[in-house]
Amino acid sequence: MVPACSGIAPEGRPAIGLTALGAIVFALVGWKFLAFVFFVLCAFSVHFFRDPERVAPRGEGVAASPADGRILHVQKRPDPLTGEEKDCISIFMNLFNVHVNRVPVDCEITDIRYWPGKFINASFDKASEDNERCAWQLRDADGGIWCMVQIAGLIARRIVCRAAVGDRLARGERYGMIRFGSRVDLYLPAGYSATVREGDKVYAGQTVIAAKNDAVGADHE
């Protein structure tokens, strides 16, 4: 796994460095318009690849959101890795959300599968089956099986994986990111229910997105 540094995702450093260099070079040679364009691109890159620290929710039996964004759906869907019907929470990330993804619970990664695909708008339901995507199977401390699916969006061109099968991660720890507009679907194990509704805004590694049906005493955002 590659840790974040100084609040910027490692994947963003080349883009930030190149656009900053371009702005400086064009400014030095007096090409003001191009210097301005590269300055704007650099500012956008810094904003897009930001990776703020988050405080994971405390308490037993709660799950943190795997992504920043807005809740699209909470509905029953078949787990893409097991075929089991589960509650699925879909989170849409627009161009301006933080795009670093985090695990919802203390877990071990037991499977990762990648599918190439199309680049349909990630807010459409068919994106979960047609788009480029990467599914992560997680086993929590109680043996519950979770599934997270990173789904590339309309202009996303790369799903970034920072973890591997066998890795053990703590709730809220980073495991990857998706470049530009995209979506994450979270499939809950039996005994868990969503604590969010369609339209809610959530923050990766911080917002409680699901809880055990008997969970109490958790800190909710």
# chains A, B, ... in the order shown; residues from 1 in each chain; ligands from 1
$ select_by_dssp --residues "segment 123-215 of chain A" --states "strand (DSSP E or B)" --output "PyMOL selection string"
chain A and resi 131+133-140+145-152+159-161+168-169+174-178+182-187+192-194+201-202+208-212
$ write_last_selection --atoms "N, CA and C atoms" --output "short mmCIF file (atom, residue, chain, number, x, y, z; two decimals), in the first residue's frame"
data_model
loop_
_atom_site.label_atom_id
_atom_site.label_comp_id
_atom_site.auth_asym_id
_atom_site.auth_seq_id
_atom_site.Cartn_x
_atom_site.Cartn_y
_atom_site.Cartn_z
N ASN A 131 -19.59 -0.82 -16.87
CA ASN A 131 -18.38 0.00 -16.81
C ASN A 131 -17.16 -0.78 -16.32
N ARG A 133 -14.60 -1.77 -13.73
CA ARG A 133 -14.85 -1.84 -12.30
C ARG A 133 -13.90 -2.83 -11.63
N CYS A 134 -13.77 -2.67 -10.33
CA CYS A 134 -12.92 -3.54 -9.53
C CYS A 134 -13.66 -3.88 -8.24
N ALA A 135 -13.86 -5.18 -7.99
CA ALA A 135 -14.58 -5.63 -6.80
C ALA A 135 -13.62 -6.15 -5.75
N TRP A 136 -13.86 -5.75 -4.51
CA TRP A 136 -13.02 -6.15 -3.37
C TRP A 136 -13.89 -6.93 -2.39
N GLN A 137 -13.47 -8.14 -2.05
CA GLN A 137 -14.16 -8.91 -1.03
C GLN A 137 -13.40 -8.79 0.28
N LEU A 138 -14.12 -8.47 1.35
CA LEU A 138 -13.52 -8.26 2.67
C LEU A 138 -14.16 -9.20 3.68
N ARG A 139 -13.36 -9.71 4.61
CA ARG A 139 -13.89 -10.51 5.71
C ARG A 139 -13.62 -9.77 7.01
N ASP A 140 -14.68 -9.46 7.75
CA ASP A 140 -14.50 -8.72 8.99
C ASP A 140 -14.15 -9.67 10.14
N ILE A 145 -18.90 -11.23 5.30
CA ILE A 145 -18.32 -10.96 3.99
C ILE A 145 -18.92 -9.70 3.39
N TRP A 146 -18.05 -8.73 3.14
CA TRP A 146 -18.42 -7.47 2.51
C TRP A 146 -17.90 -7.46 1.08
N CYS A 147 -18.52 -6.65 0.26
CA CYS A 147 -18.00 -6.46 -1.10
C CYS A 147 -18.08 -4.98 -1.45
N MET A 148 -16.96 -4.42 -1.89
CA MET A 148 -16.93 -3.04 -2.39
C MET A 148 -16.60 -3.10 -3.87
N VAL A 149 -17.30 -2.31 -4.67
CA VAL A 149 -17.03 -2.28 -6.10
C VAL A 149 -16.73 -0.84 -6.51
N GLN A 150 -15.50 -0.62 -6.98
CA GLN A 150 -15.13 0.67 -7.56
C GLN A 150 -15.57 0.66 -9.03
N ILE A 151 -16.33 1.67 -9.43
CA ILE A 151 -16.86 1.72 -10.79
C ILE A 151 -16.39 3.01 -11.46
N ALA A 152 -15.68 2.85 -12.57
CA ALA A 152 -15.20 4.02 -13.30
C ALA A 152 -16.39 4.79 -13.88
N ILE A 159 -8.70 2.95 -12.40
CA ILE A 159 -8.99 2.55 -11.03
C ILE A 159 -7.66 2.18 -10.39
N VAL A 160 -7.35 2.79 -9.26
CA VAL A 160 -6.06 2.60 -8.60
C VAL A 160 -6.22 1.66 -7.41
N CYS A 161 -5.43 0.59 -7.36
CA CYS A 161 -5.43 -0.34 -6.23
C CYS A 161 -4.16 -0.15 -5.41
N ARG A 168 -4.41 -6.89 5.71
CA ARG A 168 -5.36 -6.57 6.79
C ARG A 168 -5.37 -5.06 6.98
N LEU A 169 -6.56 -4.50 6.93
CA LEU A 169 -6.71 -3.04 7.02
C LEU A 169 -7.64 -2.68 8.16
N ARG A 174 -7.02 3.66 3.85
CA ARG A 174 -7.08 3.80 2.39
C ARG A 174 -6.75 2.48 1.69
N TYR A 175 -7.49 2.20 0.61
CA TYR A 175 -7.16 1.02 -0.19
C TYR A 175 -7.03 1.34 -1.67
N GLY A 176 -7.40 2.53 -2.10
CA GLY A 176 -7.28 2.87 -3.52
C GLY A 176 -8.02 4.16 -3.83
N MET A 177 -8.17 4.42 -5.13
CA MET A 177 -8.92 5.60 -5.56
C MET A 177 -9.38 5.39 -6.99
N ILE A 178 -10.29 6.26 -7.45
CA ILE A 178 -10.73 6.26 -8.84
C ILE A 178 -10.51 7.67 -9.36
N SER A 182 -16.95 9.11 -10.58
CA SER A 182 -17.02 7.66 -10.43
C SER A 182 -18.01 7.27 -9.34
N ARG A 183 -17.98 5.97 -8.97
CA ARG A 183 -18.97 5.46 -8.03
C ARG A 183 -18.40 4.27 -7.26
N VAL A 184 -18.89 4.07 -6.03
CA VAL A 184 -18.55 2.89 -5.24
C VAL A 184 -19.85 2.27 -4.74
N ASP A 185 -19.99 0.96 -4.95
CA ASP A 185 -21.12 0.19 -4.41
C ASP A 185 -20.61 -0.64 -3.23
N LEU A 186 -21.33 -0.60 -2.12
CA LEU A 186 -20.96 -1.37 -0.94
C LEU A 186 -22.07 -2.38 -0.64
N TYR A 187 -21.73 -3.67 -0.64
CA TYR A 187 -22.68 -4.75 -0.36
C TYR A 187 -22.48 -5.20 1.08
N TYR A 192 -26.39 -6.55 8.96
CA TYR A 192 -26.12 -5.12 8.88
C TYR A 192 -27.23 -4.42 8.08
N SER A 193 -27.51 -3.18 8.45
CA SER A 193 -28.48 -2.37 7.73
C SER A 193 -27.90 -0.99 7.46
N ALA A 194 -28.33 -0.39 6.37
CA ALA A 194 -27.87 0.96 6.03
C ALA A 194 -28.38 1.97 7.04
N LYS A 201 -25.30 13.01 1.97
CA LYS A 201 -23.89 13.24 1.65
C LYS A 201 -23.04 12.50 2.66
N VAL A 202 -22.01 11.80 2.17
CA VAL A 202 -21.16 10.99 3.06
C VAL A 202 -19.69 11.29 2.80
N VAL A 208 -20.74 7.18 9.31
CA VAL A 208 -21.30 5.85 9.54
C VAL A 208 -22.34 5.58 8.47
N ILE A 209 -22.10 4.54 7.67
CA ILE A 209 -22.98 4.26 6.54
C ILE A 209 -23.86 3.03 6.78
N ALA A 210 -23.43 2.17 7.71
CA ALA A 210 -24.20 0.96 8.04
C ALA A 210 -23.86 0.53 9.45
N ALA A 211 -24.76 -0.24 10.04
CA ALA A 211 -24.53 -0.73 11.41
C ALA A 211 -25.21 -2.07 11.60
N LYS A 212 -24.66 -2.84 12.55
CA LYS A 212 -25.32 -4.07 12.93
C LYS A 212 -26.69 -3.72 13.46
#
$ residues_around --residues "Gly205 of chain A" --least-positions-apart "3" --cutoff "8 Å" --atoms "only C-alpha atoms" --output "PDB file with C-alpha atoms, in the first residue's frame"
ATOM      1  CA  ARG A  54     -10.244  11.438   8.539  1.00  0.00           C
ATOM      2  CA  VAL A  55     -11.261  10.202  12.001  1.00  0.00           C
ATOM      3  CA  ALA A  56     -12.965   6.815  11.717  1.00  0.00           C
ATOM      4  CA  PRO A  57     -16.189   6.311  13.709  1.00  0.00           C
ATOM      5  CA  ALA A  64     -17.627   3.819   7.653  1.00  0.00           C
ATOM      6  CA  SER A  65     -18.388   5.058   4.171  1.00  0.00           C
ATOM      7  CA  PRO A  66     -15.890   3.770   1.578  1.00  0.00           C
ATOM      8  CA  ALA A  67     -16.159   6.958  -0.499  1.00  0.00           C
ATOM      9  CA  ARG A 102     -11.296   3.587   2.349  1.00  0.00           C
ATOM     10  CA  VAL A 103     -12.373   0.273   3.857  1.00  0.00           C
ATOM     11  CA  PRO A 104     -15.593   0.356   5.922  1.00  0.00           C
ATOM     12  CA  ARG A 171     -11.611   0.742   9.499  1.00  0.00           C
ATOM     13  CA  GLY A 172     -11.144   3.927   7.471  1.00  0.00           C
ATOM     14  CA  GLU A 173      -7.759   2.918   6.033  1.00  0.00           C
TER      15      GLU A 173
END
$ residues_around --residues "Ile8 of chain A" --least-positions-apart "3" --cutoff "9 Å" --atoms "only C-alpha atoms" --output "PyMOL selection string"
chain A and resi 4-5+11-13+46-52
$ residues_around --residues "segment 14-30 of chain A" --least-positions-apart "6" --cutoff "9 Å" --atoms "only C-alpha atoms" --output "ChimeraX atom specification"
/A:36-46,49
$ select_by_dssp --residues "segment 16-193 of chain A" --states "helix (DSSP H, G or I)" --output "PDB file with N, CA and C atoms, in the first residue's frame"
ATOM      1  N   ILE A  16       0.441  17.240 -10.762  1.00  0.00           N
ATOM      2  CA  ILE A  16       0.682  18.517 -10.093  1.00  0.00           C
ATOM      3  C   ILE A  16       2.053  19.064 -10.471  1.00  0.00           C
ATOM      4  N   GLY A  17       3.057  18.196 -10.470  1.00  0.00           N
ATOM      5  CA  GLY A  17       4.411  18.642 -10.808  1.00  0.00           C
ATOM      6  C   GLY A  17       4.527  19.155 -12.228  1.00  0.00           C
ATOM      7  N   LEU A  18       3.930  18.440 -13.191  1.00  0.00           N
ATOM      8  CA  LEU A  18       4.026  18.842 -14.597  1.00  0.00           C
ATOM      9  C   LEU A  18       3.278  20.143 -14.864  1.00  0.00           C
ATOM     10  N   THR A  19       2.077  20.279 -14.306  1.00  0.00           N
ATOM     11  CA  THR A  19       1.316  21.507 -14.547  1.00  0.00           C
ATOM     12  C   THR A  19       1.965  22.704 -13.846  1.00  0.00           C
ATOM     13  N   ALA A  20       2.547  22.478 -12.653  1.00  0.00           N
ATOM     14  CA  ALA A  20       3.247  23.565 -11.960  1.00  0.00           C
ATOM     15  C   ALA A  20       4.480  23.996 -12.759  1.00  0.00           C
ATOM     16  N   LEU A  21       5.215  23.010 -13.270  1.00  0.00           N
ATOM     17  CA  LEU A  21       6.392  23.324 -14.081  1.00  0.00           C
ATOM     18  C   LEU A  21       5.999  24.084 -15.339  1.00  0.00           C
ATOM     19  N   GLY A  22       4.928  23.651 -15.985  1.00  0.00           N
ATOM     20  CA  GLY A  22       4.460  24.354 -17.180  1.00  0.00           C
ATOM     21  C   GLY A  22       4.090  25.793 -16.889  1.00  0.00           C
ATOM     22  N   ALA A  23       3.393  26.023 -15.768  1.00  0.00           N
ATOM     23  CA  ALA A  23       2.997  27.393 -15.400  1.00  0.00           C
ATOM     24  C   ALA A  23       4.228  28.268 -15.177  1.00  0.00           C
ATOM     25  N   ILE A  24       5.237  27.726 -14.511  1.00  0.00           N
ATOM     26  CA  ILE A  24       6.461  28.494 -14.232  1.00  0.00           C
ATOM     27  C   ILE A  24       7.216  28.813 -15.516  1.00  0.00           C
ATOM     28  N   VAL A  25       7.376  27.805 -16.378  1.00  0.00           N
ATOM     29  CA  VAL A  25       8.123  27.996 -17.630  1.00  0.00           C
ATOM     30  C   VAL A  25       7.446  29.027 -18.524  1.00  0.00           C
ATOM     31  N   PHE A  26       6.141  28.885 -18.693  1.00  0.00           N
ATOM     32  CA  PHE A  26       5.429  29.821 -19.573  1.00  0.00           C
ATOM     33  C   PHE A  26       5.411  31.234 -18.991  1.00  0.00           C
ATOM     34  N   ALA A  27       5.375  31.331 -17.663  1.00  0.00           N
ATOM     35  CA  ALA A  27       5.429  32.655 -17.031  1.00  0.00           C
ATOM     36  C   ALA A  27       6.797  33.297 -17.267  1.00  0.00           C
ATOM     37  N   LEU A  28       7.864  32.504 -17.189  1.00  0.00           N
ATOM     38  CA  LEU A  28       9.222  33.032 -17.371  1.00  0.00           C
ATOM     39  C   LEU A  28       9.468  33.527 -18.794  1.00  0.00           C
ATOM     40  N   LYS A  32       1.702  34.607 -21.065  1.00  0.00           N
ATOM     41  CA  LYS A  32       0.816  34.747 -19.919  1.00  0.00           C
ATOM     42  C   LYS A  32      -0.417  33.857 -20.002  1.00  0.00           C
ATOM     43  N   PHE A  33      -0.997  33.738 -21.205  1.00  0.00           N
ATOM     44  CA  PHE A  33      -2.218  32.942 -21.324  1.00  0.00           C
ATOM     45  C   PHE A  33      -1.942  31.476 -20.982  1.00  0.00           C
ATOM     46  N   LEU A  34      -0.873  30.913 -21.571  1.00  0.00           N
ATOM     47  CA  LEU A  34      -0.539  29.518 -21.278  1.00  0.00           C
ATOM     48  C   LEU A  34      -0.120  29.330 -19.826  1.00  0.00           C
ATOM     49  N   ALA A  35       0.552  30.332 -19.273  1.00  0.00           N
ATOM     50  CA  ALA A  35       0.917  30.254 -17.858  1.00  0.00           C
ATOM     51  C   ALA A  35      -0.337  30.187 -16.994  1.00  0.00           C
ATOM     52  N   PHE A  36      -1.340  30.982 -17.364  1.00  0.00           N
ATOM     53  CA  PHE A  36      -2.601  30.982 -16.616  1.00  0.00           C
ATOM     54  C   PHE A  36      -3.317  29.644 -16.758  1.00  0.00           C
ATOM     55  N   VAL A  37      -3.355  29.105 -17.983  1.00  0.00           N
ATOM     56  CA  VAL A  37      -4.007  27.813 -18.212  1.00  0.00           C
ATOM     57  C   VAL A  37      -3.353  26.727 -17.365  1.00  0.00           C
ATOM     58  N   PHE A  38      -2.026  26.681 -17.347  1.00  0.00           N
ATOM     59  CA  PHE A  38      -1.339  25.649 -16.573  1.00  0.00           C
ATOM     60  C   PHE A  38      -1.486  25.873 -15.073  1.00  0.00           C
ATOM     61  N   PHE A  39      -1.581  27.143 -14.668  1.00  0.00           N
ATOM     62  CA  PHE A  39      -1.834  27.428 -13.253  1.00  0.00           C
ATOM     63  C   PHE A  39      -3.203  26.880 -12.836  1.00  0.00           C
ATOM     64  N   VAL A  40      -4.215  27.096 -13.687  1.00  0.00           N
ATOM     65  CA  VAL A  40      -5.565  26.587 -13.388  1.00  0.00           C
ATOM     66  C   VAL A  40      -5.558  25.062 -13.327  1.00  0.00           C
ATOM     67  N   LEU A  41      -4.859  24.439 -14.291  1.00  0.00           N
ATOM     68  CA  LEU A  41      -4.768  22.979 -14.293  1.00  0.00           C
ATOM     69  C   LEU A  41      -4.065  22.459 -13.040  1.00  0.00           C
ATOM     70  N   CYS A  42      -3.034  23.174 -12.609  1.00  0.00           N
ATOM     71  CA  CYS A  42      -2.320  22.779 -11.394  1.00  0.00           C
ATOM     72  C   CYS A  42      -3.233  22.900 -10.174  1.00  0.00           C
ATOM     73  N   ALA A  43      -3.977  23.994 -10.093  1.00  0.00           N
ATOM     74  CA  ALA A  43      -4.888  24.198  -8.961  1.00  0.00           C
ATOM     75  C   ALA A  43      -5.968  23.114  -8.940  1.00  0.00           C
ATOM     76  N   PHE A  44      -6.483  22.763 -10.122  1.00  0.00           N
ATOM     77  CA  PHE A  44      -7.490  21.703 -10.197  1.00  0.00           C
ATOM     78  C   PHE A  44      -6.893  20.370  -9.752  1.00  0.00           C
ATOM     79  N   SER A  45      -5.675  20.079 -10.188  1.00  0.00           N
ATOM     80  CA  SER A  45      -5.026  18.809  -9.819  1.00  0.00           C
ATOM     81  C   SER A  45      -4.827  18.714  -8.316  1.00  0.00           C
ATOM     82  N   VAL A  46      -4.392  19.809  -7.700  1.00  0.00           N
ATOM     83  CA  VAL A  46      -4.217  19.820  -6.241  1.00  0.00           C
ATOM     84  C   VAL A  46      -5.545  19.546  -5.552  1.00  0.00           C
ATOM     85  N   HIS A  47      -6.603  20.193  -6.052  1.00  0.00           N
ATOM     86  CA  HIS A  47      -7.931  20.017  -5.450  1.00  0.00           C
ATOM     87  C   HIS A  47      -8.426  18.587  -5.629  1.00  0.00           C
ATOM     88  N   PHE A  48      -8.276  18.055  -6.853  1.00  0.00           N
ATOM     89  CA  PHE A  48      -8.815  16.724  -7.142  1.00  0.00           C
ATOM     90  C   PHE A  48      -8.085  15.635  -6.369  1.00  0.00           C
ATOM     91  N   ALA A 127     -24.226   1.203 -15.128  1.00  0.00           N
ATOM     92  CA  ALA A 127     -22.780   1.368 -14.951  1.00  0.00           C
ATOM     93  C   ALA A 127     -22.207   0.270 -14.070  1.00  0.00           C
ATOM     94  N   SER A 128     -23.020  -0.269 -13.128  1.00  0.00           N
ATOM     95  CA  SER A 128     -22.530  -1.301 -12.216  1.00  0.00           C
ATOM     96  C   SER A 128     -22.271  -2.625 -12.925  1.00  0.00           C
ATOM     97  N   GLU A 129     -22.766  -2.770 -14.151  1.00  0.00           N
ATOM     98  CA  GLU A 129     -22.555  -4.006 -14.907  1.00  0.00           C
ATOM     99  C   GLU A 129     -21.738  -3.787 -16.171  1.00  0.00           C
ATOM    100  N   ASP A 130     -21.777  -2.567 -16.736  1.00  0.00           N
ATOM    101  CA  ASP A 130     -21.144  -2.310 -18.030  1.00  0.00           C
ATOM    102  C   ASP A 130     -19.805  -1.597 -17.941  1.00  0.00           C
TER     103      ASP A 130
END
$ residues_around --residues "segment 71-74 of chain A" --least-positions-apart "2" --cutoff "8 Å" --atoms "only C-alpha atoms" --output "ChimeraX atom specification"
/A:69,76,87-92,123,194,196-202
$ write_last_selection --atoms "N, CA and C atoms" --output "PDB file, in the first residue's frame"
ATOM      1  N   GLY A  69     -19.144  11.429  -1.284  1.00  0.00           N
ATOM      2  CA  GLY A  69     -20.123  11.614  -2.347  1.00  0.00           C
ATOM      3  C   GLY A  69     -21.550  11.659  -1.836  1.00  0.00           C
ATOM      4  N   LYS A  76     -31.683  -3.832  -2.759  1.00  0.00           N
ATOM      5  CA  LYS A  76     -31.211  -5.209  -2.839  1.00  0.00           C
ATOM      6  C   LYS A  76     -30.588  -5.452  -4.211  1.00  0.00           C
ATOM      7  N   ASP A  87     -28.115  -6.161   0.729  1.00  0.00           N
ATOM      8  CA  ASP A  87     -28.358  -4.719   0.700  1.00  0.00           C
ATOM      9  C   ASP A  87     -27.141  -4.046   0.086  1.00  0.00           C
ATOM     10  N   CYS A  88     -27.371  -3.172  -0.889  1.00  0.00           N
ATOM     11  CA  CYS A  88     -26.286  -2.478  -1.580  1.00  0.00           C
ATOM     12  C   CYS A  88     -26.479  -0.976  -1.455  1.00  0.00           C
ATOM     13  N   ILE A  89     -25.416  -0.294  -1.032  1.00  0.00           N
ATOM     14  CA  ILE A  89     -25.418   1.169  -0.938  1.00  0.00           C
ATOM     15  C   ILE A  89     -24.536   1.710  -2.061  1.00  0.00           C
ATOM     16  N   SER A  90     -25.105   2.529  -2.927  1.00  0.00           N
ATOM     17  CA  SER A  90     -24.364   3.098  -4.061  1.00  0.00           C
ATOM     18  C   SER A  90     -24.036   4.551  -3.775  1.00  0.00           C
ATOM     19  N   ILE A  91     -22.757   4.912  -3.927  1.00  0.00           N
ATOM     20  CA  ILE A  91     -22.270   6.263  -3.642  1.00  0.00           C
ATOM     21  C   ILE A  91     -21.712   6.868  -4.926  1.00  0.00           C
ATOM     22  N   PHE A  92     -22.225   8.012  -5.318  1.00  0.00           N
ATOM     23  CA  PHE A  92     -21.743   8.694  -6.528  1.00  0.00           C
ATOM     24  C   PHE A  92     -20.774   9.799  -6.140  1.00  0.00           C
ATOM     25  N   SER A 123     -23.661   7.486 -12.530  1.00  0.00           N
ATOM     26  CA  SER A 123     -24.920   7.601 -11.799  1.00  0.00           C
ATOM     27  C   SER A 123     -26.007   6.700 -12.379  1.00  0.00           C
ATOM     28  N   ALA A 194     -28.331  -0.387   6.374  1.00  0.00           N
ATOM     29  CA  ALA A 194     -27.872   0.957   6.026  1.00  0.00           C
ATOM     30  C   ALA A 194     -28.375   1.971   7.036  1.00  0.00           C
ATOM     31  N   VAL A 196     -28.030   5.271   6.124  1.00  0.00           N
ATOM     32  CA  VAL A 196     -28.149   6.447   5.253  1.00  0.00           C
ATOM     33  C   VAL A 196     -29.319   6.250   4.309  1.00  0.00           C
ATOM     34  N   ARG A 197     -29.732   7.361   3.676  1.00  0.00           N
ATOM     35  CA  ARG A 197     -30.825   7.317   2.715  1.00  0.00           C
ATOM     36  C   ARG A 197     -30.405   7.987   1.417  1.00  0.00           C
ATOM     37  N   GLU A 198     -31.156   7.743   0.374  1.00  0.00           N
ATOM     38  CA  GLU A 198     -30.882   8.346  -0.929  1.00  0.00           C
ATOM     39  C   GLU A 198     -30.790   9.873  -0.799  1.00  0.00           C
ATOM     40  N   GLY A 199     -29.723  10.437  -1.355  1.00  0.00           N
ATOM     41  CA  GLY A 199     -29.515  11.880  -1.311  1.00  0.00           C
ATOM     42  C   GLY A 199     -28.606  12.342  -0.199  1.00  0.00           C
ATOM     43  N   ASP A 200     -28.325  11.481   0.795  1.00  0.00           N
ATOM     44  CA  ASP A 200     -27.431  11.863   1.886  1.00  0.00           C
ATOM     45  C   ASP A 200     -26.010  12.074   1.365  1.00  0.00           C
ATOM     46  N   LYS A 201     -25.299  13.005   1.971  1.00  0.00           N
ATOM     47  CA  LYS A 201     -23.893  13.243   1.654  1.00  0.00           C
ATOM     48  C   LYS A 201     -23.035  12.498   2.659  1.00  0.00           C
ATOM     49  N   VAL A 202     -22.005  11.797   2.172  1.00  0.00           N
ATOM     50  CA  VAL A 202     -21.164  10.991   3.059  1.00  0.00           C
ATOM     51  C   VAL A 202     -19.695  11.287   2.795  1.00  0.00           C
TER      52      VAL A 202
END
$ atom_distance --atom1 "atom CA of Val62 of chain A" --atom2 "atom CA of Asn101 of chain A"
17.2 Å
$ closest_residue --among "A:Ala170, A:Ile112, A:Ala190, A:Val100" --to "Ala204 of chain A" --atoms "only C-alpha atoms"
A:Val100
$ atom_distance --atom1 "atom CA of Glu84 of chain A" --atom2 "atom CA of Ala163 of chain A"
24.5 Å
